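Down below is the structure, laid out as structure tokens.
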Amino acid sequence: MQCHPVGTAVLILLLLVLVLALGVALAVQSAPQVPVTPVTPQCVLGCPHGWVGYNGVCYYFSQDYSTWEQGQERCSELNASLDIAKDEEAMDLLFRLRGNGDFWLGLRRWGERLHWGDGSSYSYRVPVFDNSECVYLADERFRSGNCSNEWPYLCSKAQAPL
């Protein structure tokens, strides 16, 4: 029988690699398993499932249609209110997120003036078109319509602490 030192060395090296790979596989298999969850974007942390969070506020774009008053009631059932967009940055976000839908907002005309649901006056750069009583988010603007019209509604509430 002839001895092939190169062949023997290659065979020993292959066996060594195989044993090493088996050892690594067993170590990985026996290591405690950490559940893999998808990365949660920062914008939804602290908000219920189906809501979008931004800058400490959670927003809910409803799928169902209701009058302005019914929208306010449904938001209240979710421990929220029809959206009160207090700053222009939030308004810009809502225009981007609304898609093709129109949504009731917590903005209503009392006499000649527009007021948010919390009683504060509306005084932003986004004009409100039409002179009806209740305001909804439409296109790239706010529009007002008859409060008995049925639109989806937009709720908002403070984010839960993490």
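Going through the structure tokens in order, the chains are called A, B, and so on, while each chain numbers its residues from 1 and the ligands are numbered from 1 in the order shown.
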**Request:** For Phe61 in chain A, work out the shell of residues within 12 Å, counting only C-alpha atoms and skipping chain neighbours fewer than 4 positions away, then give it as a PyMOL selection string.
**Result:** chain A and resi 49-53+65+71+74-75+81-83+94-95+97-105+137+151-156
Write a file of the just-selected residues containing N, CA, C and O atoms, as a CSV table (one decimal), in the first residue's frame.
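Below is the file that was written, part-v9.csv:
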chain,number,residue,atom,x,y,z
A,49,HIS,N,-52.5,49.1,17.7
A,49,HIS,CA,-52.4,48.5,16.3
A,49,HIS,C,-53.3,49.2,15.4
A,49,HIS,O,-54.5,49.4,15.7
A,50,GLY,N,-52.9,49.5,14.2
A,50,GLY,CA,-53.7,50.2,13.2
A,50,GLY,C,-53.7,51.7,13.3
A,50,GLY,O,-54.3,52.4,12.5
A,51,TRP,N,-53.0,52.2,14.3
A,51,TRP,CA,-52.8,53.7,14.4
A,51,TRP,C,-51.4,54.0,14.0
A,51,TRP,O,-50.5,53.2,13.9
A,52,VAL,N,-51.3,55.3,13.6
A,52,VAL,CA,-50.0,55.8,13.2
A,52,VAL,C,-49.6,56.9,14.2
A,52,VAL,O,-50.3,57.8,14.5
A,53,GLY,N,-48.3,56.7,14.7
A,53,GLY,CA,-47.8,57.7,15.7
A,53,GLY,C,-46.8,58.7,15.1
A,53,GLY,O,-46.0,58.3,14.2
A,65,TYR,N,-67.8,55.0,7.4
A,65,TYR,CA,-68.3,56.3,7.1
A,65,TYR,C,-69.3,56.7,8.2
A,65,TYR,O,-70.0,55.9,8.7
A,71,GLY,N,-68.7,60.4,14.1
A,71,GLY,CA,-67.2,60.3,14.1
A,71,GLY,C,-66.7,60.7,15.4
A,71,GLY,O,-65.8,60.0,16.0
A,74,ARG,N,-67.5,57.9,17.9
A,74,ARG,CA,-66.6,56.7,17.6
A,74,ARG,C,-65.2,56.9,18.1
A,74,ARG,O,-64.6,56.0,18.6
A,75,CYS,N,-64.7,58.1,17.9
A,75,CYS,CA,-63.3,58.4,18.4
A,75,CYS,C,-63.3,58.4,19.9
A,75,CYS,O,-62.4,57.9,20.5
A,81,SER,N,-60.3,61.7,20.1
A,81,SER,CA,-61.3,62.7,19.6
A,81,SER,C,-61.0,62.8,18.2
A,81,SER,O,-60.0,62.4,17.6
A,82,LEU,N,-62.0,63.5,17.5
A,82,LEU,CA,-61.7,63.8,16.1
A,82,LEU,C,-60.5,64.6,16.1
A,82,LEU,O,-60.2,65.4,17.0
A,83,ASP,N,-59.6,64.5,15.1
A,83,ASP,CA,-58.3,65.0,15.1
A,83,ASP,C,-58.3,66.5,15.3
A,83,ASP,O,-59.0,67.3,14.7
A,94,LEU,N,-50.6,64.6,7.9
A,94,LEU,CA,-52.0,64.1,7.6
A,94,LEU,C,-52.3,64.2,6.1
A,94,LEU,O,-52.9,63.3,5.5
A,95,PHE,N,-51.9,65.2,5.4
A,95,PHE,CA,-52.1,65.3,4.0
A,95,PHE,C,-51.4,64.2,3.3
A,95,PHE,O,-51.9,63.6,2.3
A,97,LEU,N,-50.6,61.2,4.6
A,97,LEU,CA,-51.1,59.9,5.0
A,97,LEU,C,-52.6,59.6,4.5
A,97,LEU,O,-53.0,58.5,4.5
A,98,ARG,N,-53.3,60.6,4.2
A,98,ARG,CA,-54.7,60.4,3.9
A,98,ARG,C,-55.0,59.6,2.6
A,98,ARG,O,-56.1,59.1,2.5
A,99,GLY,N,-54.1,59.5,1.7
A,99,GLY,CA,-54.3,58.8,0.5
A,99,GLY,C,-55.3,59.5,-0.3
A,99,GLY,O,-55.3,60.7,-0.5
A,100,ASN,N,-56.3,58.8,-0.8
A,100,ASN,CA,-57.3,59.4,-1.7
A,100,ASN,C,-58.6,59.7,-0.9
A,100,ASN,O,-59.6,60.1,-1.5
A,101,GLY,N,-58.6,59.4,0.4
A,101,GLY,CA,-59.9,59.6,1.2
A,101,GLY,C,-60.0,60.9,1.7
A,101,GLY,O,-59.1,61.7,1.9
A,102,ASP,N,-61.3,61.3,2.1
A,102,ASP,CA,-61.6,62.5,2.8
A,102,ASP,C,-62.0,62.1,4.2
A,102,ASP,O,-62.6,61.1,4.4
A,103,PHE,N,-61.5,62.8,5.2
A,103,PHE,CA,-61.7,62.4,6.6
A,103,PHE,C,-62.2,63.6,7.4
A,103,PHE,O,-61.7,64.7,7.4
A,104,TRP,N,-63.2,63.4,8.3
A,104,TRP,CA,-63.7,64.4,9.2
A,104,TRP,C,-62.6,64.7,10.2
A,104,TRP,O,-61.9,63.9,10.6
A,105,LEU,N,-62.4,66.0,10.5
A,105,LEU,CA,-61.5,66.5,11.5
A,105,LEU,C,-62.3,67.1,12.7
A,105,LEU,O,-63.5,67.3,12.5
A,137,LEU,N,-60.7,66.7,5.9
A,137,LEU,CA,-59.4,66.7,5.2
A,137,LEU,C,-59.7,66.2,3.8
A,137,LEU,O,-60.2,65.1,3.6
A,151,TRP,N,-68.6,60.7,6.0
A,151,TRP,CA,-67.2,60.6,5.6
A,151,TRP,C,-66.5,59.7,6.6
A,151,TRP,O,-66.9,59.6,7.7
A,152,PRO,N,-65.4,59.1,6.2
A,152,PRO,CA,-64.5,58.5,7.2
A,152,PRO,C,-64.1,59.6,8.2
A,152,PRO,O,-64.1,60.7,7.8
A,153,TYR,N,-63.6,59.2,9.3
A,153,TYR,CA,-63.2,60.2,10.3
A,153,TYR,C,-61.7,59.9,10.7
A,153,TYR,O,-61.2,58.8,10.6
A,154,LEU,N,-61.1,60.9,11.2
A,154,LEU,CA,-59.7,60.9,11.7
A,154,LEU,C,-59.6,61.2,13.1
A,154,LEU,O,-60.0,62.2,13.6
A,155,CYS,N,-59.2,60.1,13.9
A,155,CYS,CA,-59.1,60.3,15.4
A,155,CYS,C,-57.7,60.6,15.8
A,155,CYS,O,-56.8,60.2,15.0
A,156,SER,N,-57.5,61.2,16.9
A,156,SER,CA,-56.1,61.4,17.4
A,156,SER,C,-56.2,61.3,19.0
A,156,SER,O,-57.2,61.6,19.6
**Request:** Pick out the residues sitting within 8 Å of Gly117 in chain A, and hand them over as a PyMOL selection string; count only C-alpha atoms, and ignore anything fewer than 3 positions along from it in its own chain.
**Result:** chain A and resi 81-82+84+106-108+120
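The closest residue to Ser66 in chain A, picked from A:Ala160, A:Cys147, A:Leu78, A:Ile12 and counting only C-alpha atoms, is A:Cys147.
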**9 Å contact set for range 124-126 of chain A, only C-alpha atoms, chain neighbours under 3 positions out, as a ChimeraX atom specification** = /A:86-88,91,140-142
Any chance you could export the current selection's N, CA, C and O atoms as an mmCIF file, in the first residue's frame?
data_model
loop_
_atom_site.group_PDB
_atom_site.id
_atom_site.type_symbol
_atom_site.label_atom_id
_atom_site.label_comp_id
_atom_site.auth_asym_id
_atom_site.auth_seq_id
_atom_site.Cartn_x
_atom_site.Cartn_y
_atom_site.Cartn_z
ATOM 1 N N LYS A 86 -52.730 70.517 15.782
ATOM 2 C CA LYS A 86 -52.319 71.776 16.409
ATOM 3 C C LYS A 86 -51.166 72.484 15.717
ATOM 4 O O LYS A 86 -50.898 73.634 15.994
ATOM 5 N N ASP A 87 -50.442 71.793 14.834
ATOM 6 C CA ASP A 87 -49.340 72.491 14.178
ATOM 7 C C ASP A 87 -49.284 72.119 12.695
ATOM 8 O O ASP A 87 -49.859 71.133 12.262
ATOM 9 N N GLU A 88 -48.585 72.925 11.946
ATOM 10 C CA GLU A 88 -48.528 72.744 10.495
ATOM 11 C C GLU A 88 -47.777 71.474 10.103
ATOM 12 O O GLU A 88 -48.088 70.854 9.101
ATOM 13 N N MET A 91 -50.264 68.773 10.220
ATOM 14 C CA MET A 91 -51.162 68.885 9.059
ATOM 15 C C MET A 91 -50.500 68.340 7.806
ATOM 16 O O MET A 91 -51.127 67.611 7.038
ATOM 17 N N GLU A 140 -55.412 68.546 -0.968
ATOM 18 C CA GLU A 140 -54.325 69.195 -0.237
ATOM 19 C C GLU A 140 -54.874 70.381 0.548
ATOM 20 O O GLU A 140 -54.214 71.402 0.699
ATOM 21 N N ARG A 141 -56.085 70.232 1.047
ATOM 22 C CA ARG A 141 -56.725 71.364 1.731
ATOM 23 C C ARG A 141 -57.766 70.859 2.713
ATOM 24 O O ARG A 141 -58.090 69.680 2.740
ATOM 25 N N PHE A 142 -58.259 71.788 3.483
ATOM 26 C CA PHE A 142 -59.411 71.515 4.349
ATOM 27 C C PHE A 142 -60.643 72.042 3.633
ATOM 28 O O PHE A 142 -60.628 73.119 3.041
#
**Complete:** As a check of understanding: the span from CA of Gln159 in chain A to CA of Ala85 in chain A is 14.5 Å
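Residue nearest Tyr54 in chain A within the list A:Leu114, A:Val135, A:Val128, A:Ala158: A:Ala158 [criterion: smallest interatomic distance, only C-alpha atoms].
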**Message:** Taking 3 positions as the minimum chain separation for residues in the same chain, which residues sit within 8 Å of Lys157 in chain A when counting only C-alpha atoms? Answer as a ChimeraX atom specification.
**Reply:** /A:57-59,79-81,83
Serialized selection, N, CA and C atoms, as an mmCIF file, in the first residue's frame:
data_model
loop_
_atom_site.group_PDB
_atom_site.id
_atom_site.type_symbol
_atom_site.label_atom_id
_atom_site.label_comp_id
_atom_site.auth_asym_id
_atom_site.auth_seq_id
_atom_site.Cartn_x
_atom_site.Cartn_y
_atom_site.Cartn_z
ATOM 1 N N VAL A 57 -48.261 61.868 19.126
ATOM 2 C CA VAL A 57 -49.703 61.754 18.863
ATOM 3 C C VAL A 57 -49.960 60.514 18.014
ATOM 4 N N CYS A 58 -51.044 59.796 18.346
ATOM 5 C CA CYS A 58 -51.478 58.635 17.562
ATOM 6 C C CYS A 58 -52.673 59.049 16.703
ATOM 7 N N TYR A 59 -52.636 58.638 15.439
ATOM 8 C CA TYR A 59 -53.706 58.977 14.493
ATOM 9 C C TYR A 59 -54.364 57.700 13.990
ATOM 10 N N ASN A 79 -61.141 56.257 23.116
ATOM 11 C CA ASN A 79 -60.408 57.151 24.027
ATOM 12 C C ASN A 79 -59.625 58.210 23.262
ATOM 13 N N ALA A 80 -60.238 58.722 22.207
ATOM 14 C CA ALA A 80 -59.615 59.742 21.362
ATOM 15 C C ALA A 80 -60.681 60.783 21.032
ATOM 16 N N SER A 81 -60.334 61.695 20.146
ATOM 17 C CA SER A 81 -61.304 62.669 19.650
ATOM 18 C C SER A 81 -61.047 62.848 18.163
ATOM 19 N N ASP A 83 -59.627 64.453 15.118
ATOM 20 C CA ASP A 83 -58.282 65.016 15.137
ATOM 21 C C ASP A 83 -58.255 66.518 15.318
#
**Request:** Step one, run DSSP on the backbone; step two, keep only residues of range 69-148 of chain A assigned to alpha helix (DSSP H); then write them as a PyMOL selection string.
**Result:** chain A and resi 69-77+88-97
Same residues, N, CA, C and O atoms, output as a PDB file, in the first residue's frame:
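Result file selection.pdb:
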ATOM      1  N   GLU A  69     -70.801  64.113  13.943  1.00  0.00           N
ATOM      2  CA  GLU A  69     -71.122  63.765  15.343  1.00  0.00           C
ATOM      3  C   GLU A  69     -70.837  62.295  15.627  1.00  0.00           C
ATOM      4  O   GLU A  69     -70.278  61.955  16.667  1.00  0.00           O
ATOM      5  N   GLN A  70     -71.218  61.395  14.699  1.00  0.00           N
ATOM      6  CA  GLN A  70     -70.949  59.968  14.898  1.00  0.00           C
ATOM      7  C   GLN A  70     -69.445  59.701  14.924  1.00  0.00           C
ATOM      8  O   GLN A  70     -68.970  58.870  15.695  1.00  0.00           O
ATOM      9  N   GLY A  71     -68.697  60.402  14.072  1.00  0.00           N
ATOM     10  CA  GLY A  71     -67.247  60.259  14.076  1.00  0.00           C
ATOM     11  C   GLY A  71     -66.660  60.659  15.418  1.00  0.00           C
ATOM     12  O   GLY A  71     -65.789  59.975  15.956  1.00  0.00           O
ATOM     13  N   GLN A  72     -67.174  61.754  15.971  1.00  0.00           N
ATOM     14  CA  GLN A  72     -66.711  62.193  17.292  1.00  0.00           C
ATOM     15  C   GLN A  72     -67.029  61.133  18.348  1.00  0.00           C
ATOM     16  O   GLN A  72     -66.200  60.830  19.202  1.00  0.00           O
ATOM     17  N   GLU A  73     -68.223  60.536  18.277  1.00  0.00           N
ATOM     18  CA  GLU A  73     -68.611  59.493  19.232  1.00  0.00           C
ATOM     19  C   GLU A  73     -67.727  58.263  19.084  1.00  0.00           C
ATOM     20  O   GLU A  73     -67.283  57.681  20.077  1.00  0.00           O
ATOM     21  N   ARG A  74     -67.456  57.867  17.852  1.00  0.00           N
ATOM     22  CA  ARG A  74     -66.616  56.676  17.625  1.00  0.00           C
ATOM     23  C   ARG A  74     -65.188  56.913  18.088  1.00  0.00           C
ATOM     24  O   ARG A  74     -64.558  56.021  18.648  1.00  0.00           O
ATOM     25  N   CYS A  75     -64.682  58.111  17.852  1.00  0.00           N
ATOM     26  CA  CYS A  75     -63.341  58.434  18.358  1.00  0.00           C
ATOM     27  C   CYS A  75     -63.331  58.382  19.882  1.00  0.00           C
ATOM     28  O   CYS A  75     -62.395  57.854  20.499  1.00  0.00           O
ATOM     29  N   SER A  76     -64.386  58.911  20.496  1.00  0.00           N
ATOM     30  CA  SER A  76     -64.490  58.909  21.952  1.00  0.00           C
ATOM     31  C   SER A  76     -64.484  57.472  22.490  1.00  0.00           C
ATOM     32  O   SER A  76     -63.873  57.195  23.528  1.00  0.00           O
ATOM     33  N   GLU A  77     -65.130  56.558  21.787  1.00  0.00           N
ATOM     34  CA  GLU A  77     -65.127  55.142  22.187  1.00  0.00           C
ATOM     35  C   GLU A  77     -63.716  54.556  22.142  1.00  0.00           C
ATOM     36  O   GLU A  77     -63.425  53.573  22.821  1.00  0.00           O
ATOM     37  N   GLU A  88     -48.585  72.925  11.946  1.00  0.00           N
ATOM     38  CA  GLU A  88     -48.528  72.744  10.495  1.00  0.00           C
ATOM     39  C   GLU A  88     -47.777  71.474  10.103  1.00  0.00           C
ATOM     40  O   GLU A  88     -48.088  70.854   9.101  1.00  0.00           O
ATOM     41  N   GLU A  89     -46.812  71.071  10.923  1.00  0.00           N
ATOM     42  CA  GLU A  89     -46.080  69.835  10.649  1.00  0.00           C
ATOM     43  C   GLU A  89     -47.031  68.636  10.708  1.00  0.00           C
ATOM     44  O   GLU A  89     -46.989  67.752   9.861  1.00  0.00           O
ATOM     45  N   ALA A  90     -47.915  68.613  11.700  1.00  0.00           N
ATOM     46  CA  ALA A  90     -48.907  67.535  11.807  1.00  0.00           C
ATOM     47  C   ALA A  90     -49.871  67.577  10.622  1.00  0.00           C
ATOM     48  O   ALA A  90     -50.227  66.530  10.066  1.00  0.00           O
ATOM     49  N   MET A  91     -50.264  68.773  10.220  1.00  0.00           N
ATOM     50  CA  MET A  91     -51.162  68.885   9.059  1.00  0.00           C
ATOM     51  C   MET A  91     -50.500  68.340   7.806  1.00  0.00           C
ATOM     52  O   MET A  91     -51.127  67.611   7.038  1.00  0.00           O
ATOM     53  N   ASP A  92     -49.239  68.673   7.596  1.00  0.00           N
ATOM     54  CA  ASP A  92     -48.517  68.164   6.427  1.00  0.00           C
ATOM     55  C   ASP A  92     -48.476  66.639   6.445  1.00  0.00           C
ATOM     56  O   ASP A  92     -48.672  65.984   5.420  1.00  0.00           O
ATOM     57  N   LEU A  93     -48.237  66.061   7.616  1.00  0.00           N
ATOM     58  CA  LEU A  93     -48.226  64.606   7.748  1.00  0.00           C
ATOM     59  C   LEU A  93     -49.585  64.021   7.374  1.00  0.00           C
ATOM     60  O   LEU A  93     -49.673  63.051   6.622  1.00  0.00           O
ATOM     61  N   LEU A  94     -50.646  64.611   7.862  1.00  0.00           N
ATOM     62  CA  LEU A  94     -51.991  64.103   7.585  1.00  0.00           C
ATOM     63  C   LEU A  94     -52.320  64.176   6.101  1.00  0.00           C
ATOM     64  O   LEU A  94     -52.931  63.254   5.549  1.00  0.00           O
ATOM     65  N   PHE A  95     -51.909  65.240   5.438  1.00  0.00           N
ATOM     66  CA  PHE A  95     -52.140  65.333   3.997  1.00  0.00           C
ATOM     67  C   PHE A  95     -51.422  64.204   3.266  1.00  0.00           C
ATOM     68  O   PHE A  95     -51.943  63.643   2.310  1.00  0.00           O
ATOM     69  N   ARG A  96     -50.214  63.852   3.737  1.00  0.00           N
ATOM     70  CA  ARG A  96     -49.461  62.769   3.089  1.00  0.00           C
ATOM     71  C   ARG A  96     -50.085  61.406   3.366  1.00  0.00           C
ATOM     72  O   ARG A  96     -50.063  60.525   2.516  1.00  0.00           O
ATOM     73  N   LEU A  97     -50.616  61.201   4.578  1.00  0.00           N
ATOM     74  CA  LEU A  97     -51.130  59.891   4.966  1.00  0.00           C
ATOM     75  C   LEU A  97     -52.562  59.619   4.515  1.00  0.00           C
ATOM     76  O   LEU A  97     -52.991  58.469   4.496  1.00  0.00           O
TER      77      LEU A  97
END
**Message:** Would you pick out the contacts of Asn146 in chain A at 8 Å or less, using only C-alpha atoms, so that residues sharing its chain but fewer than 5 positions from it are not included, and give the list as a ChimeraX atom specification?
**Reply:** /A:132-134
Just write the chosen residues, C-alpha atoms, as a PDB file, in the first residue's frame.
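That gives us result.pdb:
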ATOM      1  CA  SER A 132     -70.281  74.943   5.916  1.00  0.00           C
ATOM      2  CA  GLU A 133     -70.169  73.983   9.566  1.00  0.00           C
ATOM      3  CA  CYS A 134     -67.951  70.846   9.792  1.00  0.00           C
TER       4      CYS A 134
END
**Interatomic distance (Å, one decimal) between CA of Pro161 in chain A and CA of Ser62 in chain A** =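 For CA of Pro161 in chain A relative to CA of Ser62 in chain A, the distance reads 23.3 Å.
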**Prompt:** How far is it from CA of Thr67 in chain A to CA of Asn149 in chain A, in Å with one decimal?
**Reply:** 5.5 Å
